[in-house]
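What follows is a single structure, written as C-alpha cells, with notes after it.
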There are 2 protein chains.
Amino acid sequence: MVLSKACTYGILASLYVAREASRSRGYVSIGRMSEELNISFHFLTKILQQLTSAGIITSMKGPKGGVALRRDPKEISLVDVIVAIDGMGLFTDCLLGLPGCGEEKPCPVHDDWADIRASLFQAFRDKSLADTALRIDELNLRFALPTGAKAARDNAVIGRGRPE
Amino acid sequence: MVLSKACTYGILASLYVAREASRSRGYVSIGRMSEELNISFHFLTKILQQLTSAGIITSMKGPKGGVALRRDPKEISLVDVIVAIDGMGLFTDCLLGLPGCGEEKPCPVHDDWADIRASLFQAFRDKSLADTALRIDELNLRFALPTGAKAARDNAVIGRGRPE
DNA sequence: ATTAATTAAGATAAAAGAGTCTTAAATCAA
DNA sequence: TTGATTTAAGACTCTTTTATCTTAATTAAT
C-alpha cells in the first residue's frame with residue numbers, strides 16, 4: 001500500500017472539511033463526518049488529532065464543536081496532509097529500503113524511482129484541498145468509503161446521499 | 001511503504017541469483033545468499049518459495065542444492081517479481097483505496113495517480129533482471145542490506161566483500 | 001545404505017498497523 | 001451551576017506483516 005489507511009482517511013476527511021467550509025461557516029462535526037465517510041469515529045478522531053498537531057486543522061470541543069481548516073484551503077496541499085500522517089518517507093525513501101541510497105550511492109532502481117517519486121511529490125504538492133474539493137463537486141466524483149464488503153458495487157457518493 | 005519488505009527482499013534475491021548465474025552454473029545456496037544480503041534465512045526461504053510457485057525460479061534440495069532462475073534473466077522483469085509477491089495492487093488500485101475508482105467513476109486524485117502508477121509499471125516492466133544485474137556490476141551499486149542499525153553508514157556492497 | 005547438506009512446510013512469536021472502548025476535559029445552552 | 005454534547009487521550013483488542021524455530025523431505029557423496 002502506497003499510503004497508509006490512516007493517511008487516506010486523513011485525505012478524505014480533509015477534503016470533506018474543505019467542502020463543508022465552502023458551504024457554511026463553523027466547525028464540522030467529526031461524528032457526522034465519520035458517518036458520511038464511513039470511517040470509524042474513534043479512528044478518525046485520532047487521525048484528525050495528528051492533523052491538528054501538524055497545524056492543518058483546528059478543533060473545538062463541546063456542542064457545535066468539531067474541526068475546521070486552519071488555513072485557506074487554497075494554501076493546503078495534499079502533500080501537507082500526507083506528510084502530516086505518513087511522513088516524508090514516500091518522497092524520500094529508497095524503493096528497496098536500502099538506507100543511504102542516493103545519487104552518490106544509488107540502489108539498482110534508484111534512478112527510475114527517484115523520477116517517479118519526484119513526480120508524485122510535485123503532483124500532490126500542486127494539488128490544493130480547494131482545487132481538489134472543487135473538482136469533486138464539478139465532476140461529481142467518488143468520495144466516501146463503501147459501507148460494507150458488498151458495497152463495493154453500489155458506490156456511495158457524497159452529495160447524492162448514501163443508501164441505507 | 002510502496003513495496004512490502006518481502007517484495008524488496010524478493011527483488012534483491014532475484015538480482016543476486018541473476019548475478020551469480022552469470023558467473024557460475026548451478027544452483028545458488030539460500031544460506032549463502034541470506035548471509036550476503038543480510039536477510040533472515042527462513043524468511044528468505046519463504047519468499048523464494050513464492051517466486052518458485054510463480055515460476056520465476058526453480059529449486060533443488062540436497063547438497064549443491066539451491067535456487068536458480070527458471071527463465072533467461074533477460075526475459076524476467078522486475079514487475080514479474082513484484083507481482084509474484086505483492087500482487088498487481090500497486091499498478092491497479094486506487095490511491096485512496098476507494099473500490100470501483102476508475103475512468104468512469106474517478107476518485108479525487110485518480111488522474112494523477114493513474115499516470116504515475118502507469119509509469120511505475122512501465123519502468124519496472126522494461127527493467128529485466130539481466131539489465132539491472134549488469135548495472136550493479138558496471139556502476140558498483142549498493143545492493144545488500146545493512147547488518148545492524150549503525151550499519152547504515154558503512155554501507156555493505158556486494159562484490160567488495162562486507163565488513164565483519 | 002548411510003550420512004550430511006539443503007530446501008519445504010508448518011507452528012509459533014514478535015512487531016506494526018488498524019480499529020475499538022473508556023474516561024477525561026472543554027464548551028455551549030438552559 | 002448543571003447537564004448535554006463533543007473532542008482529547010490513553011488503554012486495549014484484532015489483524016496482518018515480519019521473523020523465527022522445528023521438523024520433514026529430498027538429494028549428493030561416500
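We label chains A, B, ... in the order they appear in the C-alpha cells, count residues from 1 in each chain, and number ligands from 1 in the order shown.
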* Might you pull out every residue within 10 Å of Ile57 of chain B, with only C-alpha atoms (C1' of nucleotides) counted and same-chain residues fewer than 2 positions away left off, and present them as a count of residues only? => 16
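All chain C residues having an atom within 8 Å of chain A, based on only C-alpha atoms (C1' of nucleotides), amount to C:DA18, C:DG19, C:DT20, C:DA26, C:DT27, C:DC28.
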Take the residues that were just selected and, keeping N, CA, C and O atoms (P, O5', C5', C4', C3', O3' and C1' of nucleotides), output them as an mmCIF file, in the first residue's frame.
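Writing done, so here's result_29.cif:
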```
data_model
loop_
_atom_site.group_PDB
_atom_site.id
_atom_site.type_symbol
_atom_site.label_atom_id
_atom_site.label_comp_id
_atom_site.auth_asym_id
_atom_site.auth_seq_id
_atom_site.Cartn_x
_atom_site.Cartn_y
_atom_site.Cartn_z
ATOM 1 P P DA C 18 -2.478 0.955 8.480
ATOM 2 O "O5'" DA C 18 -3.690 0.405 9.334
ATOM 3 C "C5'" DA C 18 -4.174 -0.896 9.045
ATOM 4 C "C4'" DA C 18 -5.388 -1.204 9.893
ATOM 5 C "C3'" DA C 18 -6.439 -0.093 9.943
ATOM 6 O "O3'" DA C 18 -7.690 -0.675 9.634
ATOM 7 C "C1'" DA C 18 -5.866 -0.781 12.141
ATOM 8 P P DG C 19 -8.992 0.240 9.564
ATOM 9 O "O5'" DG C 19 -9.615 0.046 11.016
ATOM 10 C "C5'" DG C 19 -9.931 -1.283 11.442
ATOM 11 C "C4'" DG C 19 -10.334 -1.264 12.900
ATOM 12 C "C3'" DG C 19 -11.418 -0.248 13.273
ATOM 13 O "O3'" DG C 19 -12.551 -0.972 13.731
ATOM 14 C "C1'" DG C 19 -9.685 -0.325 14.895
ATOM 15 P P DT C 20 -13.815 -0.256 14.330
ATOM 16 O "O5'" DT C 20 -13.563 -0.406 15.906
ATOM 17 C "C5'" DT C 20 -13.443 -1.702 16.442
ATOM 18 C "C4'" DT C 20 -13.387 -1.634 17.963
ATOM 19 C "C3'" DT C 20 -14.529 -0.850 18.618
ATOM 20 O "O3'" DT C 20 -15.099 -1.670 19.617
ATOM 21 C "C1'" DT C 20 -12.439 -0.112 19.447
ATOM 22 P P DA C 26 -9.504 21.356 30.226
ATOM 23 O "O5'" DA C 26 -10.582 21.909 29.190
ATOM 24 C "C5'" DA C 26 -10.287 21.767 27.809
ATOM 25 C "C4'" DA C 26 -11.554 21.970 27.011
ATOM 26 C "C3'" DA C 26 -12.223 23.330 27.212
ATOM 27 O "O3'" DA C 26 -12.342 23.921 25.937
ATOM 28 C "C1'" DA C 26 -13.813 21.569 27.352
ATOM 29 P P DT C 27 -12.581 25.518 25.778
ATOM 30 O "O5'" DT C 27 -14.129 25.592 25.416
ATOM 31 C "C5'" DT C 27 -14.585 24.906 24.245
ATOM 32 C "C4'" DT C 27 -16.080 24.735 24.302
ATOM 33 C "C3'" DT C 27 -16.858 26.012 24.584
ATOM 34 O "O3'" DT C 27 -17.520 26.363 23.384
ATOM 35 C "C1'" DT C 27 -17.788 24.102 25.660
ATOM 36 P P DC C 28 -18.177 27.800 23.195
ATOM 37 O "O5'" DC C 28 -19.725 27.451 23.296
ATOM 38 C "C5'" DC C 28 -20.265 26.504 22.379
ATOM 39 C "C4'" DC C 28 -21.603 26.016 22.894
ATOM 40 C "C3'" DC C 28 -22.622 27.119 23.166
ATOM 41 O "O3'" DC C 28 -23.770 26.871 22.382
ATOM 42 C "C1'" DC C 28 -22.497 25.567 24.980
#
```
* Select residues of chain D: the criterion is any atom within 12 Å of an atom of chain B, counting only C-alpha atoms (C1' of nucleotides); output as a ChimeraX atom specification. => /D:16-22,25-29
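With only C-alpha atoms as the atoms that count, the minimum distance from chain A to the choices B:Asp112, B:Glu75, B:Asp126, B:Glu20 is reached by B:Asp112.
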* To do: Enter the distance from atom CA of Leu90 of chain A to atom CA of Thr8 of chain A, in Å, rounded to one decimal.
  =>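 That distance, rounded to one decimal, is 13.6 Å.
Between atom CA of Phe143 of chain A and atom CA of Cys94 of chain B there is a distance of 11.6 Å.
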Per residue of chain A within 9 Å of chain B, which atom pair is closest and at what distance in Å (one decimal), using only C-alpha atoms, listed by chain and increasing number, as a Markdown table?
```
| residue | atom | partner | partner_atom | distance |
| --- | --- | --- | --- | --- |
| A:Met1 | CA | B:Val2 | CA | 5.7 |
| A:Val2 | CA | B:Val2 | CA | 4.6 |
| A:Leu3 | CA | B:Leu95 | CA | 7.1 |
| A:Ser4 | CA | B:Met1 | CA | 8.0 |
| A:Lys5 | CA | B:Gly97 | CA | 8.0 |
| A:Cys7 | CA | B:Leu96 | CA | 8.5 |
| A:Thr8 | CA | B:Leu96 | CA | 5.1 |
| A:Tyr9 | CA | B:Leu96 | CA | 7.9 |
| A:Ile11 | CA | B:Leu96 | CA | 8.1 |
| A:Leu12 | CA | B:Leu96 | CA | 8.0 |
| A:Gly89 | CA | B:Met1 | CA | 7.9 |
| A:Leu90 | CA | B:Met1 | CA | 6.9 |
| A:Asp93 | CA | B:Met1 | CA | 9.0 |
| A:Leu95 | CA | B:Val2 | CA | 7.0 |
| A:Leu96 | CA | B:Thr8 | CA | 5.1 |
| A:Gly97 | CA | B:Thr8 | CA | 7.3 |
| A:Leu98 | CA | B:Leu145 | CA | 6.1 |
| A:Pro99 | CA | B:Ala152 | CA | 5.7 |
| A:Gly100 | CA | B:Ala152 | CA | 6.4 |
| A:Cys101 | CA | B:Arg142 | CA | 7.2 |
| A:Lys105 | CA | B:Arg142 | CA | 6.2 |
| A:Pro106 | CA | B:Leu141 | CA | 5.9 |
| A:Cys107 | CA | B:Arg142 | CA | 4.9 |
| A:Pro108 | CA | B:Ile136 | CA | 6.1 |
| A:Val109 | CA | B:Thr132 | CA | 7.7 |
| A:Asp112 | CA | B:Ala123 | CA | 6.8 |
| A:Trp113 | CA | B:Leu120 | CA | 7.9 |
| A:Ile116 | CA | B:Ile116 | CA | 6.9 |
| A:Arg117 | CA | B:Ile116 | CA | 8.8 |
| A:Ser119 | CA | B:Ile116 | CA | 7.5 |
| A:Leu120 | CA | B:Ile116 | CA | 6.9 |
| A:Ala123 | CA | B:Asp112 | CA | 6.8 |
| A:Phe124 | CA | B:Asp112 | CA | 8.5 |
| A:Lys127 | CA | B:Val109 | CA | 9.0 |
| A:Thr132 | CA | B:Pro108 | CA | 6.3 |
| A:Ala133 | CA | B:Pro108 | CA | 7.8 |
| A:Arg135 | CA | B:Pro108 | CA | 7.1 |
| A:Ile136 | CA | B:Pro108 | CA | 6.2 |
| A:Asn140 | CA | B:Lys105 | CA | 8.7 |
| A:Leu141 | CA | B:Cys107 | CA | 5.8 |
| A:Arg142 | CA | B:Cys107 | CA | 4.9 |
| A:Phe143 | CA | B:Cys107 | CA | 6.2 |
| A:Ala144 | CA | B:Leu98 | CA | 7.6 |
| A:Leu145 | CA | B:Leu98 | CA | 6.1 |
| A:Pro146 | CA | B:Pro99 | CA | 7.7 |
| A:Ala151 | CA | B:Pro99 | CA | 9.0 |
| A:Ala152 | CA | B:Pro99 | CA | 5.6 |
| A:Arg153 | CA | B:Gly100 | CA | 7.1 |
| A:Asn155 | CA | B:Gly100 | CA | 7.3 |
```
Least-squares fit of chain B onto chain A (C-alpha, ordered pairing) as a short mmCIF file (atom, residue, chain, number, x, y, z; two decimals) with C-alpha atoms, in the first residue's frame:
```cif
data_model
loop_
_atom_site.label_atom_id
_atom_site.label_comp_id
_atom_site.auth_asym_id
_atom_site.auth_seq_id
_atom_site.Cartn_x
_atom_site.Cartn_y
_atom_site.Cartn_z
CA MET B 1 0.08 0.03 0.01
CA VAL B 2 1.43 3.41 -1.02
CA LEU B 3 -0.39 5.41 1.64
CA SER B 4 -1.35 4.06 5.04
CA LYS B 5 -5.05 3.71 5.70
CA ALA B 6 -4.79 6.43 8.29
CA CYS B 7 -3.36 8.68 5.60
CA THR B 8 -6.10 8.01 3.06
CA TYR B 9 -8.67 8.64 5.76
CA GLY B 10 -6.90 11.87 6.58
CA ILE B 11 -7.07 12.98 2.96
CA LEU B 12 -10.74 12.11 2.62
CA ALA B 13 -11.50 13.91 5.86
CA SER B 14 -9.53 16.98 4.83
CA LEU B 15 -11.42 17.14 1.56
CA TYR B 16 -14.69 16.71 3.41
CA VAL B 17 -13.89 19.60 5.72
CA ALA B 18 -12.77 21.73 2.79
CA ARG B 19 -16.10 21.12 1.05
CA GLU B 20 -18.14 21.85 4.14
CA ALA B 21 -16.15 24.99 4.79
CA SER B 22 -17.14 26.34 1.39
CA ARG B 23 -20.81 25.78 2.26
CA SER B 24 -21.31 26.97 5.81
CA ARG B 25 -19.16 28.61 8.43
CA GLY B 26 -18.39 26.95 11.72
CA TYR B 27 -16.95 23.62 12.73
CA VAL B 28 -17.57 20.30 11.06
CA SER B 29 -18.73 17.53 13.40
CA ILE B 30 -16.41 14.53 13.49
CA GLY B 31 -19.35 12.26 14.28
CA ARG B 32 -21.23 13.35 11.20
CA MET B 33 -18.15 13.18 9.04
CA SER B 34 -17.34 9.65 10.22
CA GLU B 35 -20.85 8.56 9.32
CA GLU B 36 -20.85 10.10 5.87
CA LEU B 37 -17.40 8.85 5.00
CA ASN B 38 -17.93 5.47 6.66
CA ILE B 39 -14.82 5.78 8.75
CA SER B 40 -14.64 4.57 12.34
CA PHE B 41 -15.34 7.54 14.58
CA HIS B 42 -12.61 6.93 17.13
CA PHE B 43 -10.01 6.11 14.54
CA LEU B 44 -10.90 9.21 12.58
CA THR B 45 -10.63 11.24 15.75
CA LYS B 46 -7.06 10.11 16.25
CA ILE B 47 -6.13 10.93 12.68
CA LEU B 48 -7.64 14.37 12.98
CA GLN B 49 -5.62 14.91 16.14
CA GLN B 50 -2.50 14.32 14.07
CA LEU B 51 -3.68 16.88 11.56
CA THR B 52 -4.38 19.24 14.43
CA SER B 53 -0.91 18.95 15.91
CA ALA B 54 0.50 19.39 12.41
CA GLY B 55 -1.29 22.72 12.22
CA ILE B 56 -3.56 21.74 9.35
CA ILE B 57 -6.85 21.87 11.23
CA THR B 58 -8.15 23.31 14.48
CA SER B 59 -10.69 21.74 16.75
CA MET B 60 -13.33 22.91 19.17
CA LYS B 61 -14.97 20.88 21.91
CA GLY B 62 -18.52 21.04 23.09
CA PRO B 63 -21.84 21.51 21.32
CA LYS B 64 -21.34 23.00 17.86
CA GLY B 65 -17.75 21.85 18.17
CA GLY B 66 -15.79 19.96 15.57
CA VAL B 67 -12.89 20.62 13.29
CA ALA B 68 -12.07 23.29 10.74
CA LEU B 69 -9.20 24.00 8.41
CA ARG B 70 -6.66 26.24 10.02
CA ARG B 71 -5.52 27.92 6.80
CA ASP B 72 -7.10 28.80 3.50
CA PRO B 73 -7.82 25.51 1.69
CA LYS B 74 -6.05 27.01 -1.33
CA GLU B 75 -2.88 27.05 0.75
CA ILE B 76 -3.08 23.43 1.96
CA SER B 77 -1.72 20.79 -0.40
CA LEU B 78 -2.27 17.06 -0.38
CA VAL B 79 1.42 16.71 0.39
CA ASP B 80 0.84 18.62 3.62
CA VAL B 81 -1.74 16.06 4.69
CA ILE B 82 0.31 13.07 3.56
CA VAL B 83 3.43 14.26 5.33
CA ALA B 84 1.49 15.03 8.51
CA ILE B 85 0.36 11.42 8.77
CA ASP B 86 2.80 9.19 6.89
CA GLY B 87 5.85 11.42 7.00
CA MET B 88 8.17 12.24 4.12
CA GLY B 89 9.24 8.64 3.54
CA LEU B 90 7.24 8.16 0.36
CA PHE B 91 9.06 11.08 -1.22
CA THR B 92 12.54 10.38 0.08
CA ASP B 93 13.04 6.70 0.81
CA CYS B 94 14.72 4.11 -1.38
CA LEU B 95 12.22 1.80 -3.05
CA LEU B 96 14.22 -1.21 -1.93
CA GLY B 97 14.65 0.10 1.59
CA LEU B 98 18.41 0.37 1.27
CA PRO B 99 19.54 3.06 3.68
CA GLY B 100 22.04 5.49 2.23
CA CYS B 101 20.73 5.05 -1.30
CA GLY B 102 21.13 8.29 -3.19
CA GLU B 103 22.76 9.93 -6.18
CA GLU B 104 26.25 9.05 -4.98
CA LYS B 105 25.51 5.48 -3.98
CA PRO B 106 22.37 4.50 -5.87
CA CYS B 107 20.50 1.23 -5.53
CA PRO B 108 19.74 -0.77 -8.70
CA VAL B 109 16.46 1.05 -9.28
CA HIS B 110 17.33 4.42 -7.85
CA ASP B 111 17.14 6.48 -11.03
CA ASP B 112 13.69 5.33 -12.07
CA TRP B 113 12.21 5.55 -8.61
CA ALA B 114 13.73 8.96 -7.95
CA ASP B 115 11.98 10.30 -11.05
CA ILE B 116 8.68 8.75 -10.15
CA ARG B 117 8.61 9.79 -6.52
CA ALA B 118 9.56 13.31 -7.63
CA SER B 119 6.56 13.49 -9.93
CA LEU B 120 4.40 12.07 -7.16
CA PHE B 121 5.59 14.83 -4.87
CA GLN B 122 5.09 17.49 -7.48
CA ALA B 123 1.60 16.32 -8.35
CA PHE B 124 0.40 16.33 -4.77
CA ARG B 125 2.22 19.47 -3.78
CA ASP B 126 0.45 21.32 -6.59
CA LYS B 127 -2.94 19.92 -5.63
CA SER B 128 -4.61 22.08 -3.00
CA LEU B 129 -7.56 20.97 -0.92
CA ALA B 130 -9.52 23.79 -2.52
CA ASP B 131 -8.80 22.62 -6.08
CA THR B 132 -9.47 19.02 -5.27
CA ALA B 133 -12.66 19.70 -3.35
CA LEU B 134 -13.89 21.80 -6.26
CA ARG B 135 -13.23 19.01 -8.71
CA ILE B 136 -15.28 16.68 -6.55
CA ASP B 137 -18.31 18.87 -6.97
CA GLU B 138 -17.80 19.70 -10.63
CA LEU B 139 -17.32 16.15 -11.76
CA ASN B 140 -19.44 14.50 -9.10
CA LEU B 141 -16.53 12.33 -8.10
CA ARG B 142 -16.40 9.34 -5.83
CA PHE B 143 -15.52 10.19 -2.30
CA ALA B 144 -16.81 8.07 0.58
CA LEU B 145 -15.80 4.58 1.55
CA PRO B 146 -18.23 1.72 1.03
CA THR B 147 -20.31 0.71 4.02
CA GLY B 148 -19.74 -3.01 3.71
CA ALA B 149 -18.01 -5.60 1.59
CA LYS B 150 -20.75 -5.79 -0.97
CA ALA B 151 -21.02 -2.02 -1.08
CA ALA B 152 -18.15 -1.97 -3.52
CA ARG B 153 -20.89 -2.03 -6.16
CA ASP B 154 -23.50 0.54 -5.18
CA ASN B 155 -20.87 3.20 -4.76
CA ALA B 156 -21.65 5.74 -2.12
CA VAL B 157 -21.16 9.25 -3.42
CA ILE B 158 -21.32 12.27 -1.20
CA GLY B 159 -23.79 14.88 -2.35
CA ARG B 160 -26.21 12.33 -3.71
CA GLY B 161 -26.84 10.92 -0.29
CA ARG B 162 -25.94 7.40 0.63
CA PRO B 163 -28.08 4.28 0.56
CA GLU B 164 -29.11 2.91 3.96
#
```
* Extract the full set of strand (DSSP E or B) residues from segment 18-164 of chain A according to DSSP on the backbone, and format it as a list of chain:residue names. => A:Val28, A:Ile57, A:Thr58, A:Ser59, A:Met60, A:Gly66, A:Val67, A:Ala68, A:Leu69, A:Ser77, A:Ser128
* To do: Could you jot down the atom C1' of DA1 of chain C to atom C1' of DA24 of chain D separation for me, Å, one decimal place?
  =>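 Distance reported for this atom pair: 19.7 Å.
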